[in-house]
Amino acid sequence: MAATSSDTAFLASPSAPWLLLAMLPRFSGKRWLAVCDSFTNPLEFLDASAATHKSFGAGSEARALIAAWQCRDLAYPPLAGVARVFSSCQQKSIRLVGWGEPEYPEPLRHIQDAPAVLYVRGRVELLSRPQLAIVGSRNATRAGLDHAWQFAAALAGKGYGVTSGLAQGVDGAAHAGALSAGGDTVAVVGTGADVIYPRGHGELTRKIIEQGVLVSEFPPGTGPKSGHFPKRNRIISGLSRGILVIEAGLRSGSLITARLALEQGREVFAIPGSIHNPLARGCHSLIRQGARLVETVEDIEEELTAWWNEPVTPKPRPACKPPAVVPDFFAAEPAAAPVPDHLAEREIAVLQALGYDPRSTDQLCTATGLPADQLLQSLLLLEMEGLVESAPGGYLRVLQAPA
């Protein structure tokens, strides 16, 4: 059967050997990294003898696939599968970046179990820019979302890239905050680069691809799987020079990312929260373990500039203030006790606008759209129910609803 133009492009592409290396069956990151230590490029390894392949841990399936590559036998189903992935990337404007190619970000190259190939949509050059990761709870409070937005916008305005995982909650707010400042943002996803997840992030994903960059280690078409998201966390921390944690429970995936960051020699920062907020406990735990307590962007800059070698150029466009009402495309449900069924719609709206940090009546009027007299009536009813309490600076939601 005659080779198609797509087949020819696959066989001639400098990224194809990296893609093949990444897709070798049962050939772990440690094994292909050993290949990189011993060979100038993957072609040298792929063109070597079967005995050499076996000495590096390639099993029978992997050796058969390499043999098909050596013969350029695209009729061999596993090699045809690799070619289909390459063709899918071309059709969907997904850039393949191999570990040894110039576009592969240098900080990521040196982490343990670095991906052999990255699937990239958007501005690939941003992967090598100075970055700070912002991660946190998927079920963030309103205050947590505001913090993520504000810190991301301020960091982007100062010229730092903002990296996160495009998840619901803090991740989405961080990406949106960076975009609002006209800054750079990097989204590391746990699906194929062509898969929208979560579904509500379609518009945010489109903006990231236009203005920033989206990156994955999974082939196109890969759907969301629970094991993929902890795995992608090493890429988030590996791309970044530091990581800021905003609202995380004690068993949060954000703490996994923070642990990976420490193992990779990155700085870890955490924003403290109310002692009544269960989502503050992860941040408090990190601070007790030596993470830098952060109140302002200057706290982060002070820690990083002592050893950051690359110059960071501030953006001419000032950072935008976060909207009073968090946009639906990254809003999350507040992490609090369930809303009692007997409450009226107005009281539910007020309760959902509250978090574990005080919010003023002006902020609540803006967030709920209620006039002041109706807001105060609802707050009084909620206070009588034991769901809300007044505090210096406004009102906050109590930790648990009474039985």
# chains A, B, ... in the order shown; residues from 1 in each chain; ligands from 1
call {"tool": "residues_around", "arguments": {"residues": "A:Arg288", "least_positions_apart": "4", "cutoff": "12 Å", "atoms": "only C-alpha atoms", "output": "number ranges by chain"}}
result
A: 268-270, 272, 281-284, 292-293
call {"tool": "write_last_selection", "arguments": {"atoms": "N, CA and C atoms", "output": "short mmCIF file (atom, residue, chain, number, x, y, z; two decimals), in the first residue's frame"}}
result
data_model
loop_
_atom_site.label_atom_id
_atom_site.label_comp_id
_atom_site.auth_asym_id
_atom_site.auth_seq_id
_atom_site.Cartn_x
_atom_site.Cartn_y
_atom_site.Cartn_z
N VAL A 268 7.61 27.23 47.98
CA VAL A 268 6.19 27.00 48.26
C VAL A 268 5.67 28.16 49.11
N PHE A 269 4.56 28.72 48.68
CA PHE A 269 3.91 29.83 49.37
C PHE A 269 2.49 29.42 49.71
N ALA A 270 1.95 29.97 50.78
CA ALA A 270 0.58 29.65 51.18
C ALA A 270 -0.08 30.87 51.79
N PRO A 272 -2.75 32.18 54.43
CA PRO A 272 -3.49 31.71 55.60
C PRO A 272 -4.97 32.09 55.50
N ARG A 281 -6.96 24.66 56.33
CA ARG A 281 -6.12 23.77 57.13
C ARG A 281 -4.92 23.26 56.35
N GLY A 282 -5.10 23.01 55.07
CA GLY A 282 -3.96 22.58 54.26
C GLY A 282 -2.90 23.65 54.16
N CYS A 283 -3.33 24.90 53.98
CA CYS A 283 -2.38 26.03 53.91
C CYS A 283 -1.67 26.21 55.25
N HIS A 284 -2.40 26.09 56.34
CA HIS A 284 -1.78 26.23 57.66
C HIS A 284 -0.77 25.12 57.91
N ARG A 292 6.29 29.69 52.88
CA ARG A 292 6.29 31.13 53.14
C ARG A 292 4.85 31.63 53.26
N LEU A 293 4.52 32.27 54.38
CA LEU A 293 3.21 32.87 54.57
C LEU A 293 3.11 34.10 53.67
#
call {"tool": "residues_around", "arguments": {"residues": "stretch 41-47 of chain A", "least_positions_apart": "3", "cutoff": "9 Å", "atoms": "only C-alpha atoms", "output": "list in words"}}
result
Pro17, Trp18, Leu21, Trp32, Val35, Cys36, Ser38, Thr52, His53, Ile66, Ala67, Trp69, Gln70 and Gly100 of chain A
call {"tool": "write_last_selection", "arguments": {"atoms": "N, CA and C atoms", "output": "PDB file, in the first residue's frame"}}
result
ATOM      1  N   PRO A  17      10.247  10.572  16.536  1.00  0.00           N
ATOM      2  CA  PRO A  17      10.967   9.647  17.424  1.00  0.00           C
ATOM      3  C   PRO A  17      10.629   9.858  18.892  1.00  0.00           C
ATOM      4  N   TRP A  18      10.411  11.112  19.297  1.00  0.00           N
ATOM      5  CA  TRP A  18      10.030  11.380  20.687  1.00  0.00           C
ATOM      6  C   TRP A  18       8.642  10.828  20.975  1.00  0.00           C
ATOM      7  N   LEU A  21       8.937   7.126  21.313  1.00  0.00           N
ATOM      8  CA  LEU A  21       9.541   6.795  22.604  1.00  0.00           C
ATOM      9  C   LEU A  21       8.515   6.911  23.722  1.00  0.00           C
ATOM     10  N   TRP A  32      13.337   5.621  29.527  1.00  0.00           N
ATOM     11  CA  TRP A  32      13.662   6.465  28.391  1.00  0.00           C
ATOM     12  C   TRP A  32      14.594   7.606  28.796  1.00  0.00           C
ATOM     13  N   VAL A  35      17.869   6.293  28.283  1.00  0.00           N
ATOM     14  CA  VAL A  35      18.193   6.381  26.862  1.00  0.00           C
ATOM     15  C   VAL A  35      18.755   7.764  26.530  1.00  0.00           C
ATOM     16  N   CYS A  36      18.116   8.796  27.071  1.00  0.00           N
ATOM     17  CA  CYS A  36      18.564  10.168  26.804  1.00  0.00           C
ATOM     18  C   CYS A  36      19.961  10.431  27.365  1.00  0.00           C
ATOM     19  N   SER A  38      22.298   8.251  27.413  1.00  0.00           N
ATOM     20  CA  SER A  38      23.271   7.437  26.682  1.00  0.00           C
ATOM     21  C   SER A  38      23.347   7.758  25.196  1.00  0.00           C
ATOM     22  N   THR A  52      20.439  -4.063  22.126  1.00  0.00           N
ATOM     23  CA  THR A  52      20.578  -2.779  22.824  1.00  0.00           C
ATOM     24  C   THR A  52      19.242  -2.361  23.427  1.00  0.00           C
ATOM     25  N   HIS A  53      18.196  -2.512  22.652  1.00  0.00           N
ATOM     26  CA  HIS A  53      16.867  -2.159  23.149  1.00  0.00           C
ATOM     27  C   HIS A  53      16.519  -2.982  24.386  1.00  0.00           C
ATOM     28  N   ILE A  66       9.579  -1.023  17.740  1.00  0.00           N
ATOM     29  CA  ILE A  66      10.797  -0.381  17.235  1.00  0.00           C
ATOM     30  C   ILE A  66      11.236  -1.028  15.920  1.00  0.00           C
ATOM     31  N   ALA A  67      11.108  -2.352  15.824  1.00  0.00           N
ATOM     32  CA  ALA A  67      11.476  -3.051  14.590  1.00  0.00           C
ATOM     33  C   ALA A  67      10.605  -2.579  13.430  1.00  0.00           C
ATOM     34  N   TRP A  69       9.238   0.357  13.198  1.00  0.00           N
ATOM     35  CA  TRP A  69       9.737   1.704  12.881  1.00  0.00           C
ATOM     36  C   TRP A  69      10.978   1.624  11.987  1.00  0.00           C
ATOM     37  N   GLN A  70      11.890   0.722  12.311  1.00  0.00           N
ATOM     38  CA  GLN A  70      13.114   0.594  11.517  1.00  0.00           C
ATOM     39  C   GLN A  70      12.804   0.211  10.079  1.00  0.00           C
ATOM     40  N   GLY A 100      14.028  16.489  23.895  1.00  0.00           N
ATOM     41  CA  GLY A 100      15.322  17.018  23.462  1.00  0.00           C
ATOM     42  C   GLY A 100      15.224  18.180  22.504  1.00  0.00           C
TER      43      GLY A 100
END
call {"tool": "atom_distance", "arguments": {"atom1": "atom CA of A:Leu381", "atom2": "atom CA of A:Arg346"}}
result
10.7 Å
call {"tool": "closest_atom_pairs", "arguments": {"of": "stretch 239-304 of chain A", "to": "stretch 351-372 of chain A", "cutoff": "8 Å", "atoms": "only C-alpha atoms", "output": "JSON lines"}}
result
{"residue": "A:Gly273", "atom": "CA", "partner": "A:Asp357", "partner_atom": "CA", "distance": 7.7}
{"residue": "A:Ser274", "atom": "CA", "partner": "A:Tyr356", "partner_atom": "CA", "distance": 6.2}
{"residue": "A:His276", "atom": "CA", "partner": "A:Tyr356", "partner_atom": "CA", "distance": 6.6}
{"residue": "A:Asn277", "atom": "CA", "partner": "A:Tyr356", "partner_atom": "CA", "distance": 5.7}
call {"tool": "write_last_selection", "arguments": {"atoms": "N, CA and C atoms", "output": "PDB file, in the first residue's frame"}}
result
ATOM      1  N   GLY A 273      -5.792  31.430  56.264  1.00  0.00           N
ATOM      2  CA  GLY A 273      -7.222  31.728  56.250  1.00  0.00           C
ATOM      3  C   GLY A 273      -7.812  31.635  57.635  1.00  0.00           C
ATOM      4  N   SER A 274      -9.108  31.731  57.689  1.00  0.00           N
ATOM      5  CA  SER A 274      -9.812  31.654  58.954  1.00  0.00           C
ATOM      6  C   SER A 274      -9.644  30.272  59.581  1.00  0.00           C
ATOM      7  N   HIS A 276     -11.810  28.836  61.118  1.00  0.00           N
ATOM      8  CA  HIS A 276     -13.099  28.174  60.966  1.00  0.00           C
ATOM      9  C   HIS A 276     -13.274  27.560  59.578  1.00  0.00           C
ATOM     10  N   ASN A 277     -12.383  27.881  58.669  1.00  0.00           N
ATOM     11  CA  ASN A 277     -12.502  27.408  57.289  1.00  0.00           C
ATOM     12  C   ASN A 277     -11.733  26.102  57.115  1.00  0.00           C
TER      13      ASN A 277
END
call {"tool": "select_by_dssp", "arguments": {"residues": "stretch 142-301 of chain A", "states": "helix (DSSP H, G or I)", "output": "PDB file with C-alpha atoms, in the first residue's frame"}}
result
ATOM      1  CA  ARG A 142     -15.837  33.273  47.379  1.00  0.00           C
ATOM      2  CA  ALA A 143     -12.859  34.774  49.228  1.00  0.00           C
ATOM      3  CA  GLY A 144     -10.588  32.037  47.856  1.00  0.00           C
ATOM      4  CA  LEU A 145     -11.699  32.742  44.297  1.00  0.00           C
ATOM      5  CA  ASP A 146     -11.108  36.464  44.813  1.00  0.00           C
ATOM      6  CA  HIS A 147      -7.607  35.805  46.192  1.00  0.00           C
ATOM      7  CA  ALA A 148      -6.747  33.596  43.227  1.00  0.00           C
ATOM      8  CA  TRP A 149      -8.000  36.202  40.761  1.00  0.00           C
ATOM      9  CA  GLN A 150      -6.248  39.115  42.464  1.00  0.00           C
ATOM     10  CA  PHE A 151      -2.876  37.404  42.945  1.00  0.00           C
ATOM     11  CA  ALA A 152      -2.885  36.052  39.380  1.00  0.00           C
ATOM     12  CA  ALA A 153      -3.763  39.437  37.910  1.00  0.00           C
ATOM     13  CA  ALA A 154      -1.091  41.191  39.992  1.00  0.00           C
ATOM     14  CA  LEU A 155       1.588  38.612  39.131  1.00  0.00           C
ATOM     15  CA  ALA A 156       0.684  38.727  35.436  1.00  0.00           C
ATOM     16  CA  GLY A 157       0.798  42.519  35.515  1.00  0.00           C
ATOM     17  CA  VAL A 170      -9.032  28.279  42.318  1.00  0.00           C
ATOM     18  CA  ASP A 171      -7.367  27.050  39.110  1.00  0.00           C
ATOM     19  CA  GLY A 172      -9.970  28.624  36.856  1.00  0.00           C
ATOM     20  CA  ALA A 173      -9.945  31.875  38.827  1.00  0.00           C
ATOM     21  CA  ALA A 174      -6.141  32.075  38.556  1.00  0.00           C
ATOM     22  CA  HIS A 175      -6.186  31.597  34.780  1.00  0.00           C
ATOM     23  CA  ALA A 176      -8.979  34.151  34.415  1.00  0.00           C
ATOM     24  CA  GLY A 177      -7.166  36.667  36.629  1.00  0.00           C
ATOM     25  CA  ALA A 178      -3.999  36.430  34.540  1.00  0.00           C
ATOM     26  CA  LEU A 179      -5.978  36.843  31.324  1.00  0.00           C
ATOM     27  CA  SER A 180      -7.809  39.870  32.753  1.00  0.00           C
ATOM     28  CA  ARG A 199     -17.243  21.167  30.397  1.00  0.00           C
ATOM     29  CA  GLY A 200     -18.015  24.599  31.810  1.00  0.00           C
ATOM     30  CA  HIS A 201     -14.504  25.798  30.943  1.00  0.00           C
ATOM     31  CA  GLY A 202     -15.008  25.899  27.186  1.00  0.00           C
ATOM     32  CA  GLU A 203     -14.778  29.670  26.877  1.00  0.00           C
ATOM     33  CA  LEU A 204     -11.898  29.898  29.362  1.00  0.00           C
ATOM     34  CA  THR A 205     -10.011  27.194  27.437  1.00  0.00           C
ATOM     35  CA  ARG A 206     -10.486  29.104  24.189  1.00  0.00           C
ATOM     36  CA  LYS A 207      -9.080  32.278  25.752  1.00  0.00           C
ATOM     37  CA  ILE A 208      -6.093  30.419  27.190  1.00  0.00           C
ATOM     38  CA  ILE A 209      -5.221  28.935  23.783  1.00  0.00           C
ATOM     39  CA  GLU A 210      -5.505  32.376  22.153  1.00  0.00           C
ATOM     40  CA  GLN A 211      -3.591  34.363  24.758  1.00  0.00           C
ATOM     41  CA  HIS A 228      -4.263  11.586  35.341  1.00  0.00           C
ATOM     42  CA  PHE A 229      -4.765  14.632  37.560  1.00  0.00           C
ATOM     43  CA  PRO A 230      -2.286  13.799  40.336  1.00  0.00           C
ATOM     44  CA  LYS A 231       0.170  12.830  37.583  1.00  0.00           C
ATOM     45  CA  ARG A 232      -0.116  16.188  35.815  1.00  0.00           C
ATOM     46  CA  ASN A 233       0.676  17.991  39.095  1.00  0.00           C
ATOM     47  CA  ARG A 234       4.400  17.241  38.675  1.00  0.00           C
ATOM     48  CA  ILE A 235       4.285  19.191  35.400  1.00  0.00           C
ATOM     49  CA  ILE A 236       2.593  22.183  37.056  1.00  0.00           C
ATOM     50  CA  SER A 237       5.303  22.370  39.712  1.00  0.00           C
ATOM     51  CA  GLY A 238       8.060  21.400  37.254  1.00  0.00           C
ATOM     52  CA  LEU A 239       7.292  24.299  34.918  1.00  0.00           C
ATOM     53  CA  GLY A 253      -4.461  17.433  45.552  1.00  0.00           C
ATOM     54  CA  SER A 254      -2.916  20.882  45.931  1.00  0.00           C
ATOM     55  CA  LEU A 255      -0.816  19.530  48.797  1.00  0.00           C
ATOM     56  CA  ILE A 256       0.461  16.825  46.436  1.00  0.00           C
ATOM     57  CA  THR A 257       1.557  19.577  44.057  1.00  0.00           C
ATOM     58  CA  ALA A 258       3.228  21.438  46.940  1.00  0.00           C
ATOM     59  CA  ARG A 259       5.084  18.290  48.007  1.00  0.00           C
ATOM     60  CA  LEU A 260       6.273  17.729  44.436  1.00  0.00           C
ATOM     61  CA  ALA A 261       7.397  21.352  44.271  1.00  0.00           C
ATOM     62  CA  LEU A 262       9.542  20.892  47.381  1.00  0.00           C
ATOM     63  CA  GLU A 263      11.046  17.697  45.957  1.00  0.00           C
ATOM     64  CA  PRO A 278     -11.696  23.705  56.674  1.00  0.00           C
ATOM     65  CA  LEU A 279     -10.094  24.755  53.382  1.00  0.00           C
ATOM     66  CA  ALA A 280      -7.494  26.788  55.289  1.00  0.00           C
ATOM     67  CA  ARG A 281      -6.119  23.773  57.130  1.00  0.00           C
ATOM     68  CA  GLY A 282      -3.958  22.577  54.256  1.00  0.00           C
ATOM     69  CA  CYS A 283      -2.384  26.026  53.912  1.00  0.00           C
ATOM     70  CA  HIS A 284      -1.784  26.234  57.664  1.00  0.00           C
ATOM     71  CA  SER A 285      -0.151  22.808  57.578  1.00  0.00           C
ATOM     72  CA  LEU A 286       2.193  23.957  54.794  1.00  0.00           C
ATOM     73  CA  ILE A 287       3.110  27.089  56.745  1.00  0.00           C
ATOM     74  CA  ARG A 288       3.923  25.004  59.815  1.00  0.00           C
ATOM     75  CA  VAL A 297       2.490  39.719  45.860  1.00  0.00           C
ATOM     76  CA  GLU A 298       5.539  41.513  47.255  1.00  0.00           C
ATOM     77  CA  ASP A 299       5.990  38.630  49.714  1.00  0.00           C
ATOM     78  CA  ILE A 300       6.419  36.302  46.738  1.00  0.00           C
ATOM     79  CA  GLU A 301       8.730  38.625  44.815  1.00  0.00           C
TER      80      GLU A 301
END
call {"tool": "atom_distance", "arguments": {"atom1": "atom CA of A:Leu214", "atom2": "atom CA of A:Asn139"}}
result
22.5 Å
call {"tool": "residues_around", "arguments": {"residues": "A:Arg266", "least_positions_apart": "6", "cutoff": "8 Å", "atoms": "only C-alpha atoms", "output": "PyMOL selection string"}}
result
chain A and resi 237+240-243
call {"tool": "select_by_dssp", "arguments": {"residues": "stretch 183-384 of chain A", "states": "strand (DSSP E or B)", "output": "list in words"}}
result
Thr185, Val186, Ala187, Val188, Gly192, Val213, Leu214, Val215, Ser216, Phe218, Gly242, Ile243, Leu244, Val245, Ile246, Glu267, Val268, Phe269, Ala270, Arg292, Leu293 and Arg359 of chain A
call {"tool": "write_last_selection", "arguments": {"atoms": "N, CA and C atoms", "output": "compact mmCIF listing (two decimals), in the first residue's frame"}}
result
# COMPACT_ATOMS: atom_id res chain seq x y z
N THR A 185 -0.62 32.93 30.72
CA THR A 185 -1.05 31.85 31.61
C THR A 185 -0.83 30.51 30.93
N VAL A 186 -0.43 29.52 31.72
CA VAL A 186 -0.15 28.17 31.25
C VAL A 186 -1.11 27.21 31.94
N ALA A 187 -1.89 26.47 31.15
CA ALA A 187 -2.83 25.50 31.70
C ALA A 187 -2.30 24.09 31.44
N VAL A 188 -2.07 23.34 32.51
CA VAL A 188 -1.61 21.95 32.40
C VAL A 188 -2.81 21.06 32.67
N GLY A 192 -6.51 14.89 27.09
CA GLY A 192 -5.90 15.29 25.84
C GLY A 192 -6.04 16.79 25.65
N VAL A 213 -1.12 29.38 26.79
CA VAL A 213 -0.76 28.08 26.24
C VAL A 213 -1.38 26.97 27.09
N LEU A 214 -1.81 25.91 26.42
CA LEU A 214 -2.37 24.75 27.08
C LEU A 214 -1.46 23.56 26.77
N VAL A 215 -1.14 22.77 27.78
CA VAL A 215 -0.18 21.68 27.59
C VAL A 215 -0.67 20.41 28.28
N SER A 216 -0.37 19.27 27.65
CA SER A 216 -0.74 17.97 28.18
C SER A 216 0.34 16.95 27.85
N PHE A 218 -0.83 13.80 27.51
CA PHE A 218 -1.70 12.73 27.05
C PHE A 218 -2.11 12.95 25.59
N GLY A 242 7.99 28.56 41.57
CA GLY A 242 7.39 28.54 42.90
C GLY A 242 5.91 28.22 42.76
N ILE A 243 5.28 27.89 43.87
CA ILE A 243 3.86 27.52 43.84
C ILE A 243 3.14 28.18 45.00
N LEU A 244 2.02 28.82 44.70
CA LEU A 244 1.19 29.48 45.70
C LEU A 244 -0.07 28.66 45.91
N VAL A 245 -0.33 28.25 47.15
CA VAL A 245 -1.50 27.45 47.49
C VAL A 245 -2.55 28.34 48.13
N ILE A 246 -3.75 28.33 47.55
CA ILE A 246 -4.87 29.13 48.06
C ILE A 246 -6.01 28.18 48.38
N GLU A 267 10.06 26.91 45.40
CA GLU A 267 9.56 27.60 46.58
C GLU A 267 8.06 27.32 46.74
N VAL A 268 7.61 27.23 47.98
CA VAL A 268 6.19 27.00 48.26
C VAL A 268 5.67 28.16 49.11
N PHE A 269 4.56 28.72 48.68
CA PHE A 269 3.91 29.83 49.37
C PHE A 269 2.49 29.42 49.71
N ALA A 270 1.95 29.97 50.78
CA ALA A 270 0.58 29.65 51.18
C ALA A 270 -0.08 30.87 51.79
N ARG A 292 6.29 29.69 52.88
CA ARG A 292 6.29 31.13 53.14
C ARG A 292 4.85 31.63 53.26
N LEU A 293 4.52 32.27 54.38
CA LEU A 293 3.21 32.87 54.57
C LEU A 293 3.11 34.10 53.67
N ARG A 359 -17.41 39.59 55.07
CA ARG A 359 -17.72 40.39 53.88
C ARG A 359 -18.64 41.52 54.32
call {"tool": "residues_around", "arguments": {"residues": "A:Ala193", "least_positions_apart": "6", "cutoff": "10 Å", "atoms": "only C-alpha atoms", "output": "PyMOL selection string"}}
result
chain A and resi 89+92-95+118-121+187+214-223
call {"tool": "write_last_selection", "arguments": {"atoms": "N, CA and C atoms", "output": "PDB file, in the first residue's frame"}}
result
ATOM      1  N   CYS A  89      -2.804  15.230  15.829  1.00  0.00           N
ATOM      2  CA  CYS A  89      -2.196  16.481  16.297  1.00  0.00           C
ATOM      3  C   CYS A  89      -2.126  17.505  15.173  1.00  0.00           C
ATOM      4  N   LYS A  92      -5.609  18.935  14.468  1.00  0.00           N
ATOM      5  CA  LYS A  92      -6.175  19.753  15.548  1.00  0.00           C
ATOM      6  C   LYS A  92      -5.246  20.877  15.995  1.00  0.00           C
ATOM      7  N   SER A  93      -4.216  21.135  15.214  1.00  0.00           N
ATOM      8  CA  SER A  93      -3.250  22.214  15.520  1.00  0.00           C
ATOM      9  C   SER A  93      -2.629  22.044  16.906  1.00  0.00           C
ATOM     10  N   ILE A  94      -2.291  20.811  17.228  1.00  0.00           N
ATOM     11  CA  ILE A  94      -1.608  20.507  18.476  1.00  0.00           C
ATOM     12  C   ILE A  94      -0.124  20.318  18.164  1.00  0.00           C
ATOM     13  N   ARG A  95       0.701  21.090  18.812  1.00  0.00           N
ATOM     14  CA  ARG A  95       2.148  21.033  18.571  1.00  0.00           C
ATOM     15  C   ARG A  95       2.781  19.936  19.426  1.00  0.00           C
ATOM     16  N   LEU A 118       5.422  16.582  24.898  1.00  0.00           N
ATOM     17  CA  LEU A 118       4.336  17.447  25.342  1.00  0.00           C
ATOM     18  C   LEU A 118       3.425  17.740  24.149  1.00  0.00           C
ATOM     19  N   TYR A 119       2.125  17.763  24.404  1.00  0.00           N
ATOM     20  CA  TYR A 119       1.133  18.150  23.398  1.00  0.00           C
ATOM     21  C   TYR A 119       0.703  19.580  23.740  1.00  0.00           C
ATOM     22  N   VAL A 120       0.921  20.505  22.830  1.00  0.00           N
ATOM     23  CA  VAL A 120       0.798  21.921  23.156  1.00  0.00           C
ATOM     24  C   VAL A 120      -0.149  22.630  22.190  1.00  0.00           C
ATOM     25  N   ARG A 121      -1.028  23.462  22.759  1.00  0.00           N
ATOM     26  CA  ARG A 121      -1.881  24.355  21.967  1.00  0.00           C
ATOM     27  C   ARG A 121      -1.671  25.781  22.470  1.00  0.00           C
ATOM     28  N   ALA A 187      -1.892  26.475  31.151  1.00  0.00           N
ATOM     29  CA  ALA A 187      -2.830  25.498  31.698  1.00  0.00           C
ATOM     30  C   ALA A 187      -2.299  24.088  31.438  1.00  0.00           C
ATOM     31  N   LEU A 214      -1.812  25.913  26.423  1.00  0.00           N
ATOM     32  CA  LEU A 214      -2.373  24.746  27.084  1.00  0.00           C
ATOM     33  C   LEU A 214      -1.464  23.558  26.771  1.00  0.00           C
ATOM     34  N   VAL A 215      -1.144  22.769  27.780  1.00  0.00           N
ATOM     35  CA  VAL A 215      -0.181  21.684  27.594  1.00  0.00           C
ATOM     36  C   VAL A 215      -0.672  20.412  28.278  1.00  0.00           C
ATOM     37  N   SER A 216      -0.366  19.268  27.645  1.00  0.00           N
ATOM     38  CA  SER A 216      -0.744  17.967  28.184  1.00  0.00           C
ATOM     39  C   SER A 216       0.343  16.954  27.852  1.00  0.00           C
ATOM     40  N   GLU A 217       0.394  15.874  28.627  1.00  0.00           N
ATOM     41  CA  GLU A 217       1.276  14.761  28.278  1.00  0.00           C
ATOM     42  C   GLU A 217       0.484  13.588  27.706  1.00  0.00           C
ATOM     43  N   PHE A 218      -0.829  13.801  27.508  1.00  0.00           N
ATOM     44  CA  PHE A 218      -1.700  12.726  27.049  1.00  0.00           C
ATOM     45  C   PHE A 218      -2.108  12.951  25.587  1.00  0.00           C
ATOM     46  N   PRO A 219      -2.192  11.889  24.783  1.00  0.00           N
ATOM     47  CA  PRO A 219      -2.543  12.031  23.373  1.00  0.00           C
ATOM     48  C   PRO A 219      -3.928  12.637  23.180  1.00  0.00           C
ATOM     49  N   PRO A 220      -4.183  13.220  22.009  1.00  0.00           N
ATOM     50  CA  PRO A 220      -5.509  13.771  21.711  1.00  0.00           C
ATOM     51  C   PRO A 220      -6.600  12.723  21.916  1.00  0.00           C
ATOM     52  N   GLY A 221      -7.725  13.189  22.406  1.00  0.00           N
ATOM     53  CA  GLY A 221      -8.856  12.296  22.630  1.00  0.00           C
ATOM     54  C   GLY A 221      -8.881  11.633  23.989  1.00  0.00           C
ATOM     55  N   THR A 222      -7.816  11.780  24.783  1.00  0.00           N
ATOM     56  CA  THR A 222      -7.775  11.162  26.107  1.00  0.00           C
ATOM     57  C   THR A 222      -8.762  11.862  27.033  1.00  0.00           C
ATOM     58  N   GLY A 223      -9.698  11.117  27.574  1.00  0.00           N
ATOM     59  CA  GLY A 223     -10.696  11.691  28.467  1.00  0.00           C
ATOM     60  C   GLY A 223     -10.200  11.809  29.892  1.00  0.00           C
TER      61      GLY A 223
END
call {"tool": "atom_distance", "arguments": {"atom1": "atom CA of A:Ala133", "atom2": "atom CA of A:Val195"}}
result
21.9 Å
call {"tool": "closest_residue", "arguments": {"among": "A:Ser15, A:Arg251, A:Arg63, A:Glu389", "to": "A:Pro102", "atoms": "only C-alpha atoms"}}
result
A:Ser15
call {"tool": "closest_residue", "arguments": {"among": "A:Trp99, A:Lys158, A:Gln91, A:Ala140", "to": "A:Asp194", "atoms": "only C-alpha atoms"}}
result
A:Gln91
call {"tool": "decode", "arguments": {"residues": "stretch 54-65 of chain A", "atoms": "N, CA and C atoms", "output": "PDB file, in the first residue's frame"}}
result
ATOM      1  N   LYS A  54      16.843  -4.264  24.339  1.00  0.00           N
ATOM      2  CA  LYS A  54      16.546  -5.146  25.463  1.00  0.00           C
ATOM      3  C   LYS A  54      17.356  -4.758  26.688  1.00  0.00           C
ATOM      4  N   SER A  55      18.607  -4.308  26.475  1.00  0.00           N
ATOM      5  CA  SER A  55      19.462  -3.934  27.603  1.00  0.00           C
ATOM      6  C   SER A  55      18.942  -2.696  28.328  1.00  0.00           C
ATOM      7  N   PHE A  56      18.128  -1.888  27.639  1.00  0.00           N
ATOM      8  CA  PHE A  56      17.540  -0.705  28.264  1.00  0.00           C
ATOM      9  C   PHE A  56      16.142  -0.983  28.828  1.00  0.00           C
ATOM     10  N   GLY A  57      15.739  -2.246  28.827  1.00  0.00           N
ATOM     11  CA  GLY A  57      14.473  -2.609  29.454  1.00  0.00           C
ATOM     12  C   GLY A  57      13.288  -2.677  28.529  1.00  0.00           C
ATOM     13  N   ALA A  58      13.515  -2.601  27.203  1.00  0.00           N
ATOM     14  CA  ALA A  58      12.396  -2.703  26.265  1.00  0.00           C
ATOM     15  C   ALA A  58      11.922  -4.151  26.197  1.00  0.00           C
ATOM     16  N   GLY A  59      10.632  -4.373  26.456  1.00  0.00           N
ATOM     17  CA  GLY A  59      10.060  -5.703  26.388  1.00  0.00           C
ATOM     18  C   GLY A  59       9.775  -6.111  24.959  1.00  0.00           C
ATOM     19  N   SER A  60       9.181  -7.277  24.799  1.00  0.00           N
ATOM     20  CA  SER A  60       8.942  -7.818  23.454  1.00  0.00           C
ATOM     21  C   SER A  60       8.029  -6.917  22.629  1.00  0.00           C
ATOM     22  N   GLU A  61       6.971  -6.343  23.254  1.00  0.00           N
ATOM     23  CA  GLU A  61       6.062  -5.466  22.509  1.00  0.00           C
ATOM     24  C   GLU A  61       6.779  -4.202  22.055  1.00  0.00           C
ATOM     25  N   ALA A  62       7.567  -3.626  22.948  1.00  0.00           N
ATOM     26  CA  ALA A  62       8.305  -2.414  22.599  1.00  0.00           C
ATOM     27  C   ALA A  62       9.322  -2.693  21.491  1.00  0.00           C
ATOM     28  N   ARG A  63      10.007  -3.845  21.581  1.00  0.00           N
ATOM     29  CA  ARG A  63      11.014  -4.176  20.566  1.00  0.00           C
ATOM     30  C   ARG A  63      10.359  -4.411  19.204  1.00  0.00           C
ATOM     31  N   ALA A  64       9.166  -5.013  19.221  1.00  0.00           N
ATOM     32  CA  ALA A  64       8.445  -5.236  17.961  1.00  0.00           C
ATOM     33  C   ALA A  64       8.032  -3.908  17.327  1.00  0.00           C
ATOM     34  N   LEU A  65       7.619  -2.972  18.145  1.00  0.00           N
ATOM     35  CA  LEU A  65       7.231  -1.654  17.636  1.00  0.00           C
ATOM     36  C   LEU A  65       8.447  -0.927  17.059  1.00  0.00           C
TER      37      LEU A  65
END
